[in-house]
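Shown next, in structure tokens, is the structure this report addresses.
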Amino acid sequence: METTNVSPKKSGSVKIIVVDDHPNTAETLSRAISQLGPEVNVTSACSGKEALEKVAGDSVDVLITDMMMPGMNGLELIEKMNSNSGGRPAHIILITAYDVPGLKETARRLHVDETIIKPVRPERICQIVGNVMKSIGHAPAVEQTKVEVQPFNILIADDMPDNVTLLSRYMKNEGYGFITAFDGVEALEKTRAEMPDLILLDVNMPKKDGLAVLKEIRADSAVAHIPVIIFTAARMHPEDVQAGLNLGADDYITKPFDRRELFARIRAKLRTKSFEDAIRRRNRQLSMLPEIGKELSARLDINELAGVVTRRTVEMLGAVMGHISIFTPNHPLQKTYNASDDTQIEEPNLEGFLKEINETHESILIDDVRNDARWHHSENDPTRSAVIVPMFGRHELLGVLALAHEQTNYFQTESLLLLQAIASQASIAIENAILYEGVSKHEKRLSAVLQSADEAIMMFDTEARLSLLNPAGEKLFTDFQASLNHPLEMGHGYDSLIDVVKDALLCATAKSSELTWPDGRTFTALITPIESGGVVAVLHDVTRFKDIERVKNEFIATASHDLKNPITSIVGFSQLLGQAGPLNDMQTDFTQRIQTAAFSMTELVQNLMQLAQADLNAMQKHEAVEMDALLSGVIDEFKSQASAKEQTLKYDPPAAPAYVDGDPLQLKQLFRNLVGNAIKYTPNGGQVTLSVNVDNENIHAQVRDDGYGIPAEDLPFVFDRFYRVHTGKAREVEGNGLGLAIVKAIVEQHNGQINVESEQDKGSCFNLTLPVMQNELLGAVKI
């Protein structure tokens with residue numbers, strides 16, 4: 001492929017530039033065109049940018065360009081070449097894989113002379129260029145798009161000339177176009193250059209056999225969809241047939257073949273390909289939406305966004321005019337784009353349509369604007385049909401997008417759906433631009449916060465790959481290189497972090513956990529899902545606070561222990577006051593108040609000591625505790641209290657003995673607190689039930705009452721320390737708010753779970769599960 005700029009035009013020479021992002025295609029066409037004569041000066045380029053650089057302001061006689069190219073598509077290149085200082089090309093050929101909506105109209109307005117649907121035969125291009133050479137220097141008589149309609153084109157690949165001649169005659173008689181190749185290498189080259197509709201592929205060919213050619217075709221995404229029928233002179237062995245079909249052959253036939261059978265199979269494959277081509281064409285149309293979306297998302301200026309939306313929709317749907325109105329208070333905007341300088345349509349007034357759009361949230365299709373009084377147009381306005389699509393944001397109407405055309409009934413449902421999809425993308429892009437404008441003012445400050453934050457901040461994608469890591473996070477990985485776009489590896493001491501991240505990704509909910517780092521530090525990790533997919537992890541070093549908490553708990557434990565003796569003395573001496581001498585009524589009342597307060601202090605100190613021991617992970621007894629005996633004892637202990645309130649206290653024991661590996665004193669305290677609370681918060685005459693059942697893995701216990709109940713707004717906090725319900729009759733019951741906190745701590749120490757269900761004035765039900773000991777473990781634990 002040539003790499004120099006287009007050379008200055010010689011007298012009588014024809015300058016031609018071929019642009020295609022597939023180098024092989026560009027080179028093939030260039031070589032074919034160069035054979036037309038010495039006066040042909042042909043250059044090839046692989047992108048629109050490269051083509052403009054090679055033209056460098058000089059004139060070009062013929063421009064041949066592919067439609068879809070990265071960076072700059074064929075229409076954009078043609079538009080730039082038309083405004084070239086050297087003058088627009090005398091003849092323009094646009095090559096496209098699919099006839100997308102509006103392409104013909106847009107091409108016509110850009111003065112495209114030929115629009116050819118792939119596959120493209122070099123002979124056809126040479127014929128067009130030859131005609132241009134004959135009439136060079138004369139403007140085309142009619143500037144309109146000519147879409148070439150070709151019969152199916154079939155590649156005949158066979159090294160036997162007689163076979164090729166015979167098949168060629170058959171193809172011609174059947175009305176098919178055909179291409180010939182006499183070896184495997186030539187077959188591959190012509191497949192990629194001319195994109196046949198079907199390939200008849202002989203197995204035994206020189207340079208490269210048919211199966212090798214088939215394998216390369218199926219590995220090339222550009223030609224993998226072409227149906228291939230394998231044929232051979234010898235009857236193929238079943239294993240060879242299977243190998244060919246496994247490689248992707250669509251059918252096979254042996255020679256000598258029956259002509260009718262061959263063409264029946266060809267027609268069947270071509271019918272299938274026609275349907276597949278229609279699907280690919282539709283997919284191609286849909287694939288333009290991400291391209292437009294990508295172009296929109298790359299812009300954060302609303303004025304630029306409006307220009308891209310109007311230009312791309314006009315080009316895609318072949319409209320003569322595109323108009324966008326944006327209504328946001330801080331960014332009102334009106335922008336109109338005309339497809340051609342020859343036809344200038346004034347900015348439309350769309351206010352008459354806004355009421356209907358706001359009420360229905362639907363698009364409006366106008367077959368003939370002359371019959372719709374809401375469309376205000378002047379006498380010289382060529383508009384005949386129009387379509388108006390709303391652009392709704394999350395909360396309100398952001399604007400409307402309108403297209404116009406000179407023909408009545410031009411816009412159809414397919415066009416409307418495509419335009420609605422683009423309008424949706426535009427709405428998102430406009431909202432993003434508005435949001436970006438708001439947050440960009442704080443971007444540097446937020447970046448500084450992220451960079452200077454003491455907390456380690458990490459982001460993981462949906463596959464648990466690390467996508468962001470701030471400096472504080474980098475410092476955590478001292479003996480392991482954490483790489484972006486790669487997952488953290490197990491076995492380096494960070495397994496607990498990896499597990500909680502994967503759990504958050506799986507559940508799509510926020511997770512929190514306490515992690516111990518390999519260097520002994522303790523971190524609290526908050527894992528939060530993000531809408532775009534993945535999670536953000538924030539690790540806060542709480543080692544110092546854990547040390548402080550440990551010191552605090554040790555102090556509470558020590559202080560609580562040291563307070564027991566003074567409180568005991570207060571209780572004892574208050575009881576002895578009556579023995580020291582007679583007390584009057586006031587003194588007796590004061591003494592009883594002292595004793596009540598002392599008993600409350602004793603209960604508070606005991607609870608504080610128990611919580612402190614739990615926080616300090618104090619040594620627990622581990623023995624096999626038979627739960628029926630333990631629970632029966634708890635029920636017996638509370639029978640007198642229930643009787644005093646005329647309550648019914650029921651116990652439903654488990655059907656079979658069940659053992660829990662744990663501390664019997666703590667387990668008894670657990671059920672004491674639950675049963676005691678149920679009695680305390682149930683009015684006289686109520687009922688409290690403790691029921692137990694056992695399965696293979698857990699013991700399930702329920703403490704149910706028909707008492708005051710817990711308001712729904714208080715349920716999430718009932719297990720918090722010092723939390724008490726302050727509404728309803730429950731607030732009249734005395735307590736320190738530590739009982740349920742102790743219950744939760746004991747349950748968690750025994751690897752269990754607890755939850756509560758409650759309805760105000762109807763009662764509560766505390767459900768807990770504890771793992772039961774398996775039979776094989778009972779012998780290893782003291783009973």
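Chain lettering (A, B, ...) mirrors the order of the structure tokens, residue numbering begins at 1 for each chain separately, and ligand numbering begins at 1 in order of display.
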
Compile the contact shell of A:Val660 as a CSV table (one decimal) with C-alpha atoms, in the first residue's frame: residues with an atom at most 8 Å away, counting only C-alpha atoms, same-chain residues fewer than 5 positions apart removed.
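File produced: around.csv:
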```csv
chain,number,residue,atom,x,y,z
A,623,GLU,CA,-18.8,-28.8,77.3
A,624,ALA,CA,-21.7,-30.7,75.9
A,625,VAL,CA,-24.8,-29.0,77.3
A,626,GLU,CA,-28.0,-31.0,77.3
A,627,MET,CA,-30.5,-28.3,76.4
A,770,LEU,CA,-27.6,-22.8,67.9
A,771,PRO,CA,-25.5,-25.5,66.2
A,772,VAL,CA,-26.0,-28.9,67.8
A,773,MET,CA,-23.2,-31.3,68.5
```

Which polymer residues have any atom within 7 Å of an atom of stretch 521-533 of chain A, counting only C-alpha atoms, with same-chain residues fewer than 6 positions away left out, as number ranges by chain? A: 461-462, 501, 504, 508-515, 539-543

Near stretch 13-30 of chain A, within 6 Å and counting only C-alpha atoms, which residues show up once chain neighbours fewer than 6 positions away are dropped, as a PyMOL selection string? chain A and resi 1+39-47+60-66+69+122+193

Find the residues around A:Leu466 up to 10 Å (only C-alpha atoms counted), leave out those fewer than 2 positions away in its own chain, and share them as a ChimeraX atom specification. /A:458-464,468-469,482-488,534-536

Using N, CA and C atoms, can you export the residues from the last selection as a CSV table (one decimal), in the first residue's frame?
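Dumped everything to out_20.csv:
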```csv
chain,number,residue,atom,x,y,z
A,458,MET,N,-10.5,1.0,47.8
A,458,MET,CA,-10.3,0.2,46.6
A,458,MET,C,-11.6,0.0,45.9
A,459,MET,N,-11.5,-0.2,44.6
A,459,MET,CA,-12.7,-0.5,43.8
A,459,MET,C,-12.5,-1.8,43.0
A,460,PHE,N,-13.5,-2.6,43.0
A,460,PHE,CA,-13.5,-3.9,42.3
A,460,PHE,C,-14.6,-3.9,41.3
A,461,ASP,N,-14.3,-4.5,40.1
A,461,ASP,CA,-15.3,-4.6,39.1
A,461,ASP,C,-16.2,-5.9,39.4
A,462,THR,N,-17.1,-6.2,38.5
A,462,THR,CA,-18.0,-7.3,38.7
A,462,THR,C,-17.3,-8.6,38.7
A,463,GLU,N,-16.1,-8.7,38.2
A,463,GLU,CA,-15.3,-10.0,38.3
A,463,GLU,C,-14.3,-10.0,39.4
A,464,ALA,N,-14.5,-9.1,40.4
A,464,ALA,CA,-13.6,-8.9,41.5
A,464,ALA,C,-12.2,-8.6,41.1
A,468,LEU,N,-9.4,0.3,41.2
A,468,LEU,CA,-8.9,1.5,41.7
A,468,LEU,C,-8.2,1.2,43.1
A,469,LEU,N,-7.1,1.9,43.3
A,469,LEU,CA,-6.4,1.8,44.6
A,469,LEU,C,-5.7,3.1,44.9
A,482,ALA,N,-0.2,-5.5,44.3
A,482,ALA,CA,-1.6,-5.4,43.8
A,482,ALA,C,-1.7,-4.7,42.5
A,483,SER,N,-2.1,-5.4,41.5
A,483,SER,CA,-2.1,-4.8,40.1
A,483,SER,C,-3.6,-4.5,39.7
A,484,LEU,N,-3.7,-3.3,39.1
A,484,LEU,CA,-5.0,-2.9,38.6
A,484,LEU,C,-5.5,-3.9,37.5
A,485,ASN,N,-6.8,-4.1,37.4
A,485,ASN,CA,-7.4,-4.9,36.3
A,485,ASN,C,-7.1,-6.4,36.6
A,486,HIS,N,-6.6,-6.7,37.7
A,486,HIS,CA,-6.4,-8.1,38.1
A,486,HIS,C,-7.0,-8.4,39.5
A,487,PRO,N,-7.5,-9.6,39.7
A,487,PRO,CA,-8.0,-9.9,41.1
A,487,PRO,C,-6.9,-10.1,42.1
A,488,LEU,N,-7.2,-9.8,43.4
A,488,LEU,CA,-6.2,-10.1,44.4
A,488,LEU,C,-6.1,-11.6,44.5
A,534,GLY,N,-19.9,-3.7,40.3
A,534,GLY,CA,-18.7,-3.8,41.1
A,534,GLY,C,-19.0,-3.2,42.5
A,535,VAL,N,-17.9,-3.1,43.3
A,535,VAL,CA,-18.1,-2.6,44.7
A,535,VAL,C,-16.9,-1.7,45.0
A,536,VAL,N,-17.1,-0.8,46.0
A,536,VAL,CA,-16.1,0.0,46.6
A,536,VAL,C,-15.8,-0.5,48.0
```

Shortest interatomic distance to A:Met321 - which of A:Ile230, A:Val743, A:Ile345, A:Ala448, counting only C-alpha atoms: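 Checking each candidate against A:Met321, we get A:Ile345 as the closest.
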
Within 7 Å of stretch 713-728 of chain A using only C-alpha atoms, minus same-chain residues under 5 positions, as a ChimeraX atom specification: /A:736-738,740-741,744

Strand (DSSP E) per DSSP on the backbone: members of stretch 393-544 of chain A, as a PyMOL selection string: chain A and resi 397-405+456-460+465-469+486-487+511-516+522-529+535-541

Selection: 12 Å around A:Ser415, only C-alpha atoms, excl. self and same-chain fewer than 3 positions, as a list of chain:residue names: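 Near A:Ser415, the qualifying residues are A:Val100, A:Pro101, A:Gly102, A:Leu103, A:Gln285, A:Leu286, A:Thr313, A:Val314, A:Met316, A:Leu317, A:Gly318, A:Ala319, A:Ser363, A:Leu365, A:Ala386, A:Val387, A:Ile388, A:Val389, A:Leu403, A:Asn409, A:Tyr410, A:Phe411, A:Gln412, A:Leu418, A:Leu419, A:Gln420, A:Ala421, A:Ile422.
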
Nearest to A:Gln407, chosen from A:Asp661, A:Glu186, A:Glu443, A:Glu105, with only C-alpha atoms counted in the distances: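 When distances to A:Gln407 are compared using only C-alpha atoms, the smallest one comes from A:Glu105.
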
Could you pull out the helix (DSSP H, G or I) residues of stretch 217-388 of chain A, going by DSSP on the backbone, and write them as an NGL selection string? :A and (217-219 or 238-247 or 259-297 or 302-317 or 351-360 or 369-371)

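Atom CA of A:Gly763 is found 11.5 Å from atom CA of A:Thr689.
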
A straight line from atom CA of A:Ile95 to atom CA of A:Ile117 spans 6.0 Å

List the spatial neighbours of stretch 324-338 of chain A as a VMD selection string - criterion: any atom at most 10 Å away, only C-alpha atoms, same-chain residues fewer than 2 positions off excluded. chain A and resid 302 to 303 306 to 314 319 to 322 340 to 350 388 to 391 396 to 404 427 430 to 431 434

One-decimal distance in Å that lies between atom CA of A:Ile279 and atom CA of A:Leu200: 23.6 Å
